[in-house]
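Shown below: coords.csv, with CSV, C-alpha atoms and all ligand atoms.
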chain,number,residue,atom,x,y,z
A,1,MET,CA,113.7,108.4,106.4
A,2,ASN,CA,115.6,107.4,109.5
A,3,ILE,CA,114.9,104.0,110.9
A,4,LEU,CA,115.9,102.7,114.3
A,5,ALA,CA,115.9,98.9,114.2
A,6,PHE,CA,116.1,96.2,116.8
A,7,GLU,CA,117.0,92.5,116.6
A,8,GLY,CA,116.8,89.9,119.4
A,9,THR,CA,115.0,86.7,118.3
A,10,ALA,CA,117.8,84.5,119.6
A,11,HIS,CA,121.4,84.9,121.0
A,12,THR,CA,122.1,88.4,119.6
A,13,ALA,CA,120.8,91.7,120.8
A,14,SER,CA,121.4,94.3,118.1
A,15,VAL,CA,120.5,97.9,117.3
A,16,ALA,CA,121.0,99.7,114.0
A,17,ILE,CA,120.2,102.9,112.3
A,18,VAL,CA,119.3,103.0,108.6
A,19,LYS,CA,119.1,106.3,106.8
A,20,LYS,CA,117.3,106.3,103.5
A,21,GLY,CA,118.3,102.6,103.0
A,22,LYS,CA,121.9,103.2,104.0
A,23,ILE,CA,123.2,101.4,107.1
A,24,VAL,CA,125.0,103.9,109.3
A,25,THR,CA,125.3,101.9,112.5
A,26,ASN,CA,125.0,98.2,113.3
A,27,LEU,CA,125.9,97.4,116.9
A,28,LYS,CA,125.5,94.0,118.6
A,29,HIS,CA,126.1,92.0,121.7
A,30,SER,CA,125.7,88.2,121.8
A,31,TYR,CA,124.9,85.7,124.5
A,32,THR,CA,127.5,82.9,124.6
A,33,THR,CA,128.4,80.1,126.9
A,34,GLN,CA,131.8,78.6,127.8
A,35,GLN,CA,130.2,75.4,129.1
A,36,PRO,CA,128.6,72.8,126.7
A,37,THR,CA,125.0,74.1,127.1
A,38,GLY,CA,122.6,75.5,124.6
A,39,MET,CA,120.7,78.7,124.8
A,40,VAL,CA,118.8,79.0,128.1
A,41,PRO,CA,115.7,81.1,127.1
A,42,ARG,CA,115.5,83.0,130.5
A,43,GLU,CA,119.3,83.9,130.3
A,44,VAL,CA,118.9,85.1,126.7
A,45,ALA,CA,116.0,87.3,127.7
A,46,GLU,CA,118.0,88.7,130.6
A,47,HIS,CA,121.0,89.3,128.3
A,48,HIS,CA,118.9,91.3,125.9
A,49,ALA,CA,117.1,93.3,128.6
A,50,SER,CA,120.5,94.3,130.1
A,51,HIS,CA,122.0,95.4,126.8
A,52,LEU,CA,119.3,97.1,124.8
A,53,LYS,CA,119.4,100.5,126.4
A,54,ASP,CA,123.2,100.9,126.1
A,55,LEU,CA,123.2,99.6,122.5
A,56,THR,CA,120.5,102.1,121.6
A,57,LEU,CA,122.3,105.0,123.2
A,58,GLN,CA,125.5,104.0,121.5
A,59,ALA,CA,123.9,103.6,118.1
A,60,LEU,CA,122.3,107.1,118.3
A,61,LYS,CA,125.6,108.6,119.4
A,62,GLN,CA,127.7,106.8,116.7
A,63,ALA,CA,125.2,107.9,114.0
A,64,ASN,CA,125.0,111.4,115.5
A,65,VAL,CA,121.2,111.2,115.4
A,66,SER,CA,118.8,112.2,118.2
A,67,MET,CA,115.5,110.3,119.0
A,68,ARG,CA,113.7,113.4,117.5
A,69,GLU,CA,115.3,112.6,114.1
A,70,ILE,CA,114.0,109.0,114.0
A,71,ASP,CA,111.0,108.6,111.7
A,72,VAL,CA,110.0,105.0,112.4
A,73,LEU,CA,111.0,102.0,114.5
A,74,ALA,CA,111.6,98.4,113.2
A,75,TYR,CA,111.8,95.2,115.2
A,76,SER,CA,112.1,91.5,114.6
A,77,ALA,CA,108.7,90.1,115.6
A,78,GLY,CA,109.6,86.5,115.1
A,79,PRO,CA,110.3,83.6,114.7
A,80,GLY,CA,112.4,83.0,117.7
A,81,LEU,CA,112.6,82.4,121.5
A,82,GLY,CA,109.3,83.6,123.1
A,83,ALA,CA,111.0,85.2,126.1
A,84,ALA,CA,113.6,87.0,123.9
A,85,LEU,CA,110.9,88.3,121.5
A,86,GLN,CA,108.9,89.7,124.5
A,87,VAL,CA,111.9,91.7,125.7
A,88,ILE,CA,112.4,93.3,122.2
A,89,ASN,CA,108.6,93.9,121.9
A,90,SER,CA,108.3,95.6,125.3
A,91,PHE,CA,111.4,97.8,124.6
A,92,VAL,CA,110.3,98.9,121.2
A,93,THR,CA,106.7,99.5,122.2
A,94,ALA,CA,107.8,101.7,125.1
A,95,LEU,CA,110.0,103.7,122.7
A,96,SER,CA,107.1,104.0,120.2
A,97,ILE,CA,104.7,105.3,122.9
A,98,LYS,CA,107.3,107.7,124.4
A,99,HIS,CA,108.4,109.2,121.0
A,100,ASN,CA,105.1,108.8,119.2
A,101,LEU,CA,106.6,106.6,116.5
A,102,LEU,CA,105.0,103.9,114.3
A,103,LEU,CA,106.7,100.5,114.0
A,104,TYR,CA,107.5,97.9,111.4
A,105,PRO,CA,107.2,94.2,112.5
A,106,ILE,CA,109.9,92.3,110.5
A,107,HIS,CA,110.1,88.6,109.9
A,108,HIS,CA,113.7,87.7,111.0
A,109,SER,CA,114.3,85.3,108.1
A,110,PHE,CA,113.0,87.6,105.5
A,111,ALA,CA,115.4,90.2,106.8
A,112,HIS,CA,118.3,87.7,106.4
A,113,LEU,CA,117.4,87.5,102.7
A,114,ILE,CA,116.5,91.0,101.7
A,115,VAL,CA,119.7,92.5,103.2
A,116,ALA,CA,121.6,90.8,100.4
A,117,ASN,CA,119.7,92.8,97.8
A,118,TYR,CA,120.8,96.1,99.4
A,119,ILE,CA,124.3,95.2,100.4
A,120,ALA,CA,125.5,92.8,97.8
A,121,LYS,CA,123.3,94.3,95.1
A,122,ALA,CA,121.6,90.9,94.5
A,123,LYS,CA,118.7,91.3,92.0
A,124,ASP,CA,116.9,88.0,91.9
A,125,PRO,CA,119.1,85.3,93.5
A,126,LEU,CA,118.6,81.9,95.0
A,127,TYR,CA,119.1,82.4,98.7
A,128,ILE,CA,120.7,79.6,100.7
A,129,TYR,CA,119.6,80.5,104.2
A,130,VAL,CA,121.5,78.5,106.9
A,131,SER,CA,121.3,79.4,110.5
A,132,GLY,CA,120.6,78.2,114.0
A,133,GLY,CA,116.9,77.6,113.3
A,134,ASN,CA,116.6,77.4,109.5
A,135,THR,CA,118.0,75.6,106.5
A,136,GLN,CA,116.1,76.7,103.4
A,137,LEU,CA,116.6,77.3,99.7
A,138,ILE,CA,114.4,80.3,98.8
A,139,MET,CA,113.7,82.8,96.1
A,140,LEU,CA,111.6,86.0,96.4
A,141,LYS,CA,108.9,86.6,93.9
A,142,ASP,CA,108.8,90.4,93.1
A,143,ASN,CA,111.4,90.7,95.9
A,144,LEU,CA,108.6,90.3,98.4
A,145,HIS,CA,107.0,86.9,98.3
A,146,PRO,CA,109.1,83.9,99.4
A,147,VAL,CA,109.0,80.6,97.6
A,148,VAL,CA,110.7,77.8,99.5
A,149,TYR,CA,112.3,75.2,97.2
A,150,GLY,CA,113.9,72.9,99.7
A,151,GLU,CA,114.5,72.7,103.5
A,152,THR,CA,115.5,70.5,106.3
A,153,GLU,CA,113.0,67.9,107.4
A,154,ASP,CA,114.2,68.0,111.0
A,155,ILE,CA,116.9,70.2,112.6
A,156,ALA,CA,118.6,73.2,111.0
A,157,LEU,CA,122.3,73.0,110.0
A,158,GLY,CA,123.3,75.6,112.7
A,159,ASN,CA,121.4,73.7,115.3
A,160,ALA,CA,123.1,70.5,114.2
A,161,LEU,CA,126.5,72.1,114.5
A,162,ASP,CA,125.6,73.5,117.9
A,163,LYS,CA,124.4,70.0,119.1
A,164,LEU,CA,127.5,68.3,117.9
A,165,ALA,CA,129.7,70.9,119.5
A,166,ARG,CA,127.9,70.4,122.8
A,167,GLU,CA,128.5,66.7,122.5
A,168,LEU,CA,132.2,67.3,121.9
A,169,GLY,CA,132.4,69.6,124.9
A,170,TYR,CA,132.4,73.0,123.3
A,171,GLY,CA,130.3,76.1,124.4
A,172,PHE,CA,127.5,77.9,122.5
A,173,PRO,CA,127.4,78.8,119.6
A,174,GLY,CA,129.2,75.8,118.3
A,175,GLY,CA,129.6,76.4,114.6
A,176,LYS,CA,132.9,78.2,114.9
A,177,HIS,CA,134.3,75.6,117.2
A,178,ILE,CA,133.5,72.9,114.7
A,179,GLU,CA,135.0,74.9,111.9
A,180,ASP,CA,138.2,75.4,113.8
A,181,ALA,CA,138.5,71.8,114.9
A,182,ALA,CA,137.8,70.5,111.3
A,183,LYS,CA,140.8,72.5,110.0
A,184,LYS,CA,143.1,70.3,112.2
A,185,ALA,CA,141.7,66.9,111.0
A,186,ASP,CA,144.0,64.2,109.6
A,187,LYS,CA,141.4,61.6,108.6
A,188,PHE,CA,138.2,61.4,106.6
A,189,ILE,CA,135.3,59.5,108.3
A,190,GLU,CA,132.4,58.2,106.2
A,191,MET,CA,129.0,59.3,107.7
A,192,PRO,CA,125.3,59.1,106.7
A,193,TYR,CA,124.3,61.3,103.8
A,194,THR,CA,120.5,62.1,103.8
A,195,VAL,CA,119.0,64.0,100.9
A,196,LYS,CA,115.4,63.4,99.9
A,197,GLY,CA,114.4,65.2,96.7
A,198,MET,CA,114.9,68.8,97.6
A,199,ASP,CA,114.9,68.3,101.3
A,200,LEU,CA,117.6,67.3,103.8
A,201,SER,CA,117.9,65.7,107.2
A,202,TYR,CA,120.6,66.4,109.7
A,203,ALA,CA,119.3,64.6,112.9
A,204,GLY,CA,120.7,61.2,112.0
A,205,LEU,CA,124.1,62.7,111.0
A,206,VAL,CA,124.4,64.4,114.4
A,207,THR,CA,123.5,61.2,116.3
A,208,PHE,CA,126.0,59.2,114.2
A,209,ALA,CA,128.8,61.8,114.7
A,210,SER,CA,128.1,62.1,118.4
A,211,LYS,CA,128.5,58.4,119.0
A,212,LEU,CA,132.0,58.5,117.6
A,213,LYS,CA,133.3,60.7,120.4
A,214,ASP,CA,135.0,58.0,122.4
A,215,LYS,CA,136.6,56.4,119.3
A,216,GLU,CA,137.7,59.3,117.1
A,217,THR,CA,139.3,62.7,117.6
A,218,LYS,CA,137.1,65.8,117.9
A,219,GLU,CA,138.9,67.2,114.9
A,220,ASN,CA,138.2,64.2,112.6
A,221,ILE,CA,134.6,64.1,113.8
A,222,ALA,CA,134.1,67.8,113.1
A,223,TYR,CA,135.7,67.5,109.6
A,224,GLY,CA,133.7,64.4,108.6
A,225,PHE,CA,130.5,66.1,109.8
A,226,GLN,CA,131.1,69.3,107.9
A,227,GLU,CA,132.0,67.6,104.7
A,228,HIS,CA,128.9,65.5,104.7
A,229,ALA,CA,126.5,68.2,106.0
A,230,PHE,CA,127.8,70.8,103.5
A,231,ALA,CA,127.9,68.4,100.5
A,232,MET,CA,124.2,67.6,101.2
A,233,LEU,CA,123.4,71.3,101.1
A,234,MET,CA,125.4,71.8,97.9
A,235,GLU,CA,123.5,69.0,96.2
A,236,VAL,CA,120.1,70.4,96.8
A,237,ALA,CA,121.3,74.0,96.1
A,238,GLU,CA,122.7,72.8,92.7
A,239,ARG,CA,119.4,71.2,91.9
A,240,ALA,CA,117.4,74.3,92.9
A,241,LEU,CA,119.8,76.4,90.7
A,242,ALA,CA,119.2,74.2,87.7
A,243,TYR,CA,115.5,74.2,88.3
A,244,THR,CA,115.1,78.0,88.8
A,245,GLU,CA,117.8,79.0,86.3
A,246,LYS,CA,118.9,81.7,88.7
A,247,GLU,CA,122.1,83.4,87.8
A,248,GLU,CA,123.0,84.6,91.3
A,249,VAL,CA,123.3,82.8,94.5
A,250,VAL,CA,123.5,84.2,98.1
A,251,LEU,CA,124.6,82.4,101.2
A,252,THR,CA,123.1,84.0,104.3
A,253,GLY,CA,122.4,83.3,108.0
A,254,GLY,CA,125.0,82.5,110.7
A,255,VAL,CA,126.3,79.3,109.2
A,256,ALA,CA,127.2,81.3,106.1
A,257,LEU,CA,130.2,82.5,108.2
A,258,ASN,CA,131.8,79.1,107.7
A,259,SER,CA,134.8,79.4,105.3
A,260,ARG,CA,134.6,75.8,104.2
A,261,LEU,CA,131.0,76.2,103.2
A,262,GLN,CA,131.8,79.4,101.4
A,263,GLU,CA,134.6,77.7,99.5
A,264,MET,CA,132.3,74.8,98.4
A,265,LEU,CA,129.6,77.3,97.2
A,266,LYS,CA,132.3,79.4,95.4
A,267,SER,CA,133.5,76.4,93.4
A,268,MET,CA,130.0,75.2,92.6
A,269,ALA,CA,129.0,78.7,91.4
A,270,GLU,CA,132.2,78.9,89.2
A,271,GLU,CA,131.5,75.5,87.7
A,272,ARG,CA,127.9,76.6,86.8
A,273,GLY,CA,129.1,80.0,85.6
A,274,ILE,CA,126.8,81.9,88.0
A,275,LYS,CA,127.6,84.7,90.5
A,276,TYR,CA,128.1,84.0,94.2
A,277,LEU,CA,127.3,87.3,95.9
A,278,LYS,CA,129.1,87.5,99.2
A,279,LEU,CA,127.9,89.5,102.2
A,280,GLU,CA,130.3,91.0,104.8
A,281,PRO,CA,130.4,88.9,108.0
A,282,GLN,CA,128.6,91.5,110.1
A,283,TYR,CA,125.4,91.0,107.9
A,284,LEU,CA,125.5,87.1,107.9
A,285,GLY,CA,124.8,86.3,111.6
A,286,ASP,CA,121.9,88.0,113.4
A,287,ASN,CA,122.1,91.8,113.2
A,288,ALA,CA,119.6,94.8,113.4
A,289,ALA,CA,120.9,96.4,110.2
A,290,MET,CA,119.0,93.7,108.2
A,291,ILE,CA,115.8,94.5,110.2
A,292,GLY,CA,116.2,98.2,109.3
A,293,VAL,CA,116.9,97.4,105.7
A,294,ALA,CA,113.8,95.2,105.6
A,295,ALA,CA,111.7,98.1,107.0
A,296,TRP,CA,113.1,100.4,104.3
A,297,HIS,CA,112.2,97.8,101.7
A,298,PHE,CA,108.6,97.7,103.1
A,299,HIS,CA,108.5,101.5,103.0
A,300,LEU,CA,109.6,101.5,99.3
A,301,HIS,CA,106.8,99.0,98.6
A,302,GLY,CA,104.1,101.2,100.2
A,303,ILE,CA,103.6,98.9,103.2
A,304,GLU,CA,102.4,100.9,106.2
A,305,PRO,CA,103.9,100.5,109.7
A,306,LEU,CA,101.8,99.6,112.8
A,307,LYS,CA,100.7,101.7,115.8
A,308,SER,CA,102.3,100.8,119.2
A,309,GLU,CA,99.2,99.0,120.4
A,310,GLU,CA,99.2,96.8,117.3
A,311,ALA,CA,102.8,95.4,118.0
A,312,PHE,CA,103.0,91.6,118.2
A,313,THR,CA,105.4,88.7,118.5
A,314,LYS,CA,105.2,85.4,116.7
A,315,PRO,CA,107.6,82.8,118.0
A,316,ARG,CA,106.6,80.4,115.2
A,317,TRP,CA,106.1,82.2,111.9
A,318,ARG,CA,106.6,80.7,108.4
A,319,ILE,CA,108.5,82.9,106.0
A,320,GLU,CA,105.7,82.6,103.4
A,321,LYS,CA,103.4,84.4,105.8
A,322,HIS,CA,105.7,87.2,106.7
A,323,LEU,CA,103.2,89.8,105.5
A,324,GLU,CA,100.4,88.4,107.5
A,325,TRP,CA,100.3,90.7,110.6
B,1,LIG,P1,117.7,82.0,112.7
B,1,LIG,O1,118.0,82.9,111.6
B,1,LIG,O2,117.3,80.6,112.3
B,1,LIG,O3,116.7,82.6,113.7
B,1,LIG,P2,119.8,82.4,114.6
B,1,LIG,O4,118.9,83.5,115.0
B,1,LIG,O5,120.0,81.3,115.6
B,1,LIG,O6,119.1,81.7,113.4
B,1,LIG,P3,122.2,83.3,113.2
B,1,LIG,O7,123.2,84.3,113.8
B,1,LIG,O8,121.5,83.6,111.9
B,1,LIG,O9,121.2,83.0,114.4
B,1,LIG,O10,122.9,81.9,113.2
B,1,LIG,C1,123.5,81.3,114.3
B,1,LIG,C2,124.1,79.9,113.9
B,1,LIG,O11,125.2,80.1,113.1
B,1,LIG,C3,124.5,79.1,115.1
B,1,LIG,O12,124.0,77.8,115.0
B,1,LIG,C4,126.0,79.1,115.0
B,1,LIG,O13,126.7,77.9,115.5
B,1,LIG,C5,126.2,79.2,113.5
B,1,LIG,N1,127.6,79.7,113.1
B,1,LIG,C6,128.1,80.8,113.5
B,1,LIG,N2,129.4,80.9,113.0
B,1,LIG,C7,129.6,79.8,112.3
B,1,LIG,C8,130.7,79.2,111.6
B,1,LIG,N3,131.9,79.9,111.5
B,1,LIG,N4,130.6,78.0,111.0
B,1,LIG,C9,129.4,77.3,111.1
B,1,LIG,N5,128.3,77.8,111.8
B,1,LIG,C10,128.4,79.0,112.4
B,2,FE2,FE,119.2,84.5,112.3
In structure tokens, write the structure found in this file.
Amino acid sequence: MNILAFEGTAHTASVAIVKKGKIVTNLKHSYTTQQPTGMVPREVAEHHASHLKDLTLQALKQANVSMREIDVLAYSAGPGLGAALQVINSFVTALSIKHNLLLYPIHHSFAHLIVANYIAKAKDPLYIYVSGGNTQLIMLKDNLHPVVYGETEDIALGNALDKLARELGYGFPGGKHIEDAAKKADKFIEMPYTVKGMDLSYAGLVTFASKLKDKETKENIAYGFQEHAFAMLMEVAERALAYTEKEEVVLTGGVALNSRLQEMLKSMAEERGIKYLKLEPQYLGDNAAMIGVAAWHFHLHGIEPLKSEEAFTKPRWRIEKHLEW
């Protein structure tokens, strides 16, 4: 089965081809800003609209596959920016009508998780999902039904990094700017640490760190912020690991690209004697390969795709409800 898959819930437009569960192409183009602004929804939608056709043609060419050889389409139906989701939905619906193909609506967050099973051969891990819109500790019952063990009570870790970056004058996305700045720090600043049971809160930490901008260097603020934010995450992750007795842990989502966070998880996993399964960078941030793999996973589980007229988008969509179409 050849799957042509599309991602575009937030900053990244991506097209991938998955052949019998094997990723053969994964192309992407991301919206970024030089100025300290966040994502402007209209600009993101325009970005995707102007790149989707070229990405699709390139993906088919690179995989040496024609549209006639595609068996099914897959697209990220949510959660995400409404305007961006509409662009993906229109594009994929048009393709499905033109080529008489069915389509799989995929929950973006579920895709961030399940890709680890296929790429890193995870069997039944605890997933630490950290991205622009999400910070969750999750396991999958029967590899299909998400159970959330802990999450942020307010903003996601990626969003917190992006907000702090904006305050410090960096462009979007901000996570990498904060990571690079933190490496040059020469002082540790104490900041608020907020863990409530299995949940976390990052809003107060962002406010606190932002207020330091006239007193401390950007580098020291970035470093202090990362150390506190990541330590909070490790604390709840460790508790979830103890509780679930999982022997594998996966770090996924865009913030998983952070080398300091990876290092902290590596040493925690070593201390606990469990496996930390690492994904290649191209599968951590948003990508269409994960959407294609999720569709393949659905196919293996006997889940039927939709007709073009049944296609939908859900800007707000809890991961526990990812099979409610
Ligand atoms: P979601 O999965 O919640 O919809 P998303 O679609 O916004 O998230 P992802 O690509 O999964 O997108 O994650 C993007 C986030 O990852 C941004 O907040 C960005 O700042 C952050 N990020 C990217 N690289 C790094 C890094 N090196 N260190 C920390 N954060 C990073
Ligand atoms: Fe994402």
Return as CSV the residues of chain A lying at most 6 Å from ligand FE2 2 (chain B), together with the closest atom-to-atom pair for each and the distance in Å to one decimal, counting only C-alpha atoms and all ligand atoms, with rows in chain order and ascending residue number.
residue,atom,partner,partner_atom,distance
A:Ser131,CA,B:FE2_2,FE,5.8
A:Gly253,CA,B:FE2_2,FE,5.5
A:Gly285,CA,B:FE2_2,FE,5.9
A:Asp286,CA,B:FE2_2,FE,4.6
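Closest to Ile70 in chain A among A:Ala13, A:Ala165, A:Ala269, A:Met1 is A:Met1, based on all atoms listed in the file.
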Around ligand LIG 1 (chain B), at most 9 Å away and counting only C-alpha atoms and all ligand atoms, which residues are there? Put them as JSON, numbers by chain, please.
{"A": [8, 9, 10, 11, 12, 78, 79, 80, 81, 108, 109, 112, 129, 130, 131, 132, 133, 134, 135, 156, 157, 158, 159, 160, 161, 162, 163, 165, 172, 173, 174, 175, 176, 177, 178, 179, 180, 226, 252, 253, 254, 255, 256, 257, 258, 259, 260, 261, 284, 285, 286, 287]}
Among A:Gly150, A:Gly302, A:Pro125, A:Gly204, Leu113 in chain A is approached most closely, using all atoms listed in the file, by A:Pro125
List as an NGL selection string: which residues have an atom within 12 Å of (132.4, 64.7, 119.4), counting only C-alpha atoms?
:A and (36 or 161-170 or 174 or 177-178 or 181-182 or 205-225)
By how many Å are CA of Val44 in chain A and CA of Gly171 in chain A apart?
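CA of Val44 in chain A sits 14.7 Å away from CA of Gly171 in chain A.
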Figure out the distance between CA of Leu233 in chain A and CA of Phe110 in chain A, please, to one decimal in Å.
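Computing the Euclidean distance for CA of Phe110 in chain A and CA of Leu233 in chain A yields 19.8 Å.
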Non-local contacts of Asn2 in chain A (6 Å; all atoms listed in the file; under 2 positions in same chain excluded) as a ChimeraX atom specification:
/A:18-19,70-71
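What separates CA of His29 in chain A from CA of Leu279 in chain A is a distance of 19.7 Å.
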Kindly add all heavy atoms to the incomplete range 56-65 of chain A and provide the output as an mmCIF file, in the coordinates of the input.
data_model
loop_
_atom_site.group_PDB
_atom_site.id
_atom_site.type_symbol
_atom_site.label_atom_id
_atom_site.label_comp_id
_atom_site.auth_asym_id
_atom_site.auth_seq_id
_atom_site.Cartn_x
_atom_site.Cartn_y
_atom_site.Cartn_z
ATOM 1 N N THR A 56 121.242 101.044 122.246
ATOM 2 C CA THR A 56 120.500 102.100 121.600
ATOM 3 C C THR A 56 121.154 103.452 121.746
ATOM 4 O O THR A 56 121.309 104.199 120.759
ATOM 5 C CB THR A 56 119.041 102.164 122.226
ATOM 6 O OG1 THR A 56 118.471 100.859 122.162
ATOM 7 C CG2 THR A 56 118.150 103.146 121.479
ATOM 8 N N LEU A 57 121.591 103.749 122.961
ATOM 9 C CA LEU A 57 122.300 105.000 123.200
ATOM 10 C C LEU A 57 123.544 105.139 122.361
ATOM 11 O O LEU A 57 123.838 106.163 121.751
ATOM 12 C CB LEU A 57 122.571 105.220 124.686
ATOM 13 C CG LEU A 57 121.339 105.372 125.585
ATOM 14 C CD1 LEU A 57 121.737 105.403 127.059
ATOM 15 C CD2 LEU A 57 120.547 106.639 125.222
ATOM 16 N N GLN A 58 124.284 104.046 122.333
ATOM 17 C CA GLN A 58 125.500 104.000 121.500
ATOM 18 C C GLN A 58 125.269 104.203 120.056
ATOM 19 O O GLN A 58 125.996 104.897 119.354
ATOM 20 C CB GLN A 58 126.241 102.696 121.723
ATOM 21 C CG GLN A 58 127.164 102.606 122.910
ATOM 22 C CD GLN A 58 127.771 101.184 122.948
ATOM 23 O OE1 GLN A 58 128.234 100.659 121.948
ATOM 24 N NE2 GLN A 58 127.718 100.553 124.097
ATOM 25 N N ALA A 59 124.218 103.532 119.571
ATOM 26 C CA ALA A 59 123.900 103.600 118.100
ATOM 27 C C ALA A 59 123.537 105.036 117.754
ATOM 28 O O ALA A 59 123.994 105.559 116.730
ATOM 29 C CB ALA A 59 122.738 102.659 117.809
ATOM 30 N N LEU A 60 122.722 105.694 118.594
ATOM 31 C CA LEU A 60 122.300 107.100 118.300
ATOM 32 C C LEU A 60 123.548 107.985 118.301
ATOM 33 O O LEU A 60 123.718 108.840 117.425
ATOM 34 C CB LEU A 60 121.301 107.567 119.333
ATOM 35 C CG LEU A 60 119.917 106.902 119.264
ATOM 36 C CD1 LEU A 60 119.130 107.157 120.543
ATOM 37 C CD2 LEU A 60 119.126 107.408 118.050
ATOM 38 N N LYS A 61 124.419 107.754 119.273
ATOM 39 C CA LYS A 61 125.600 108.600 119.400
ATOM 40 C C LYS A 61 126.526 108.372 118.184
ATOM 41 O O LYS A 61 127.000 109.332 117.559
ATOM 42 C CB LYS A 61 126.348 108.191 120.690
ATOM 43 C CG LYS A 61 127.405 109.169 121.096
ATOM 44 C CD LYS A 61 127.900 108.848 122.495
ATOM 45 C CE LYS A 61 129.171 109.644 122.746
ATOM 46 N NZ LYS A 61 129.976 109.074 123.801
ATOM 47 N N GLN A 62 126.760 107.110 117.860
ATOM 48 C CA GLN A 62 127.700 106.800 116.700
ATOM 49 C C GLN A 62 127.136 107.384 115.419
ATOM 50 O O GLN A 62 127.903 107.849 114.588
ATOM 51 C CB GLN A 62 127.814 105.292 116.625
ATOM 52 C CG GLN A 62 129.119 104.877 116.001
ATOM 53 C CD GLN A 62 129.195 103.357 115.903
ATOM 54 O OE1 GLN A 62 128.617 102.753 115.023
ATOM 55 N NE2 GLN A 62 129.924 102.743 116.824
ATOM 56 N N ALA A 63 125.809 107.369 115.241
ATOM 57 C CA ALA A 63 125.200 107.900 114.000
ATOM 58 C C ALA A 63 124.998 109.388 114.056
ATOM 59 O O ALA A 63 124.609 110.004 113.061
ATOM 60 C CB ALA A 63 123.891 107.178 113.737
ATOM 61 N N ASN A 64 125.242 109.949 115.252
ATOM 62 C CA ASN A 64 125.000 111.400 115.500
ATOM 63 C C ASN A 64 123.571 111.771 115.124
ATOM 64 O O ASN A 64 123.314 112.740 114.408
ATOM 65 C CB ASN A 64 126.023 112.188 114.615
ATOM 66 C CG ASN A 64 126.199 113.585 115.150
ATOM 67 O OD1 ASN A 64 125.811 113.863 116.294
ATOM 68 N ND2 ASN A 64 126.737 114.470 114.333
ATOM 69 N N VAL A 65 122.648 110.968 115.641
ATOM 70 C CA VAL A 65 121.200 111.200 115.400
ATOM 71 C C VAL A 65 120.522 111.229 116.756
ATOM 72 O O VAL A 65 120.885 110.485 117.669
ATOM 73 C CB VAL A 65 120.660 109.975 114.570
ATOM 74 C CG1 VAL A 65 119.150 109.981 114.527
ATOM 75 C CG2 VAL A 65 121.230 109.975 113.163
#
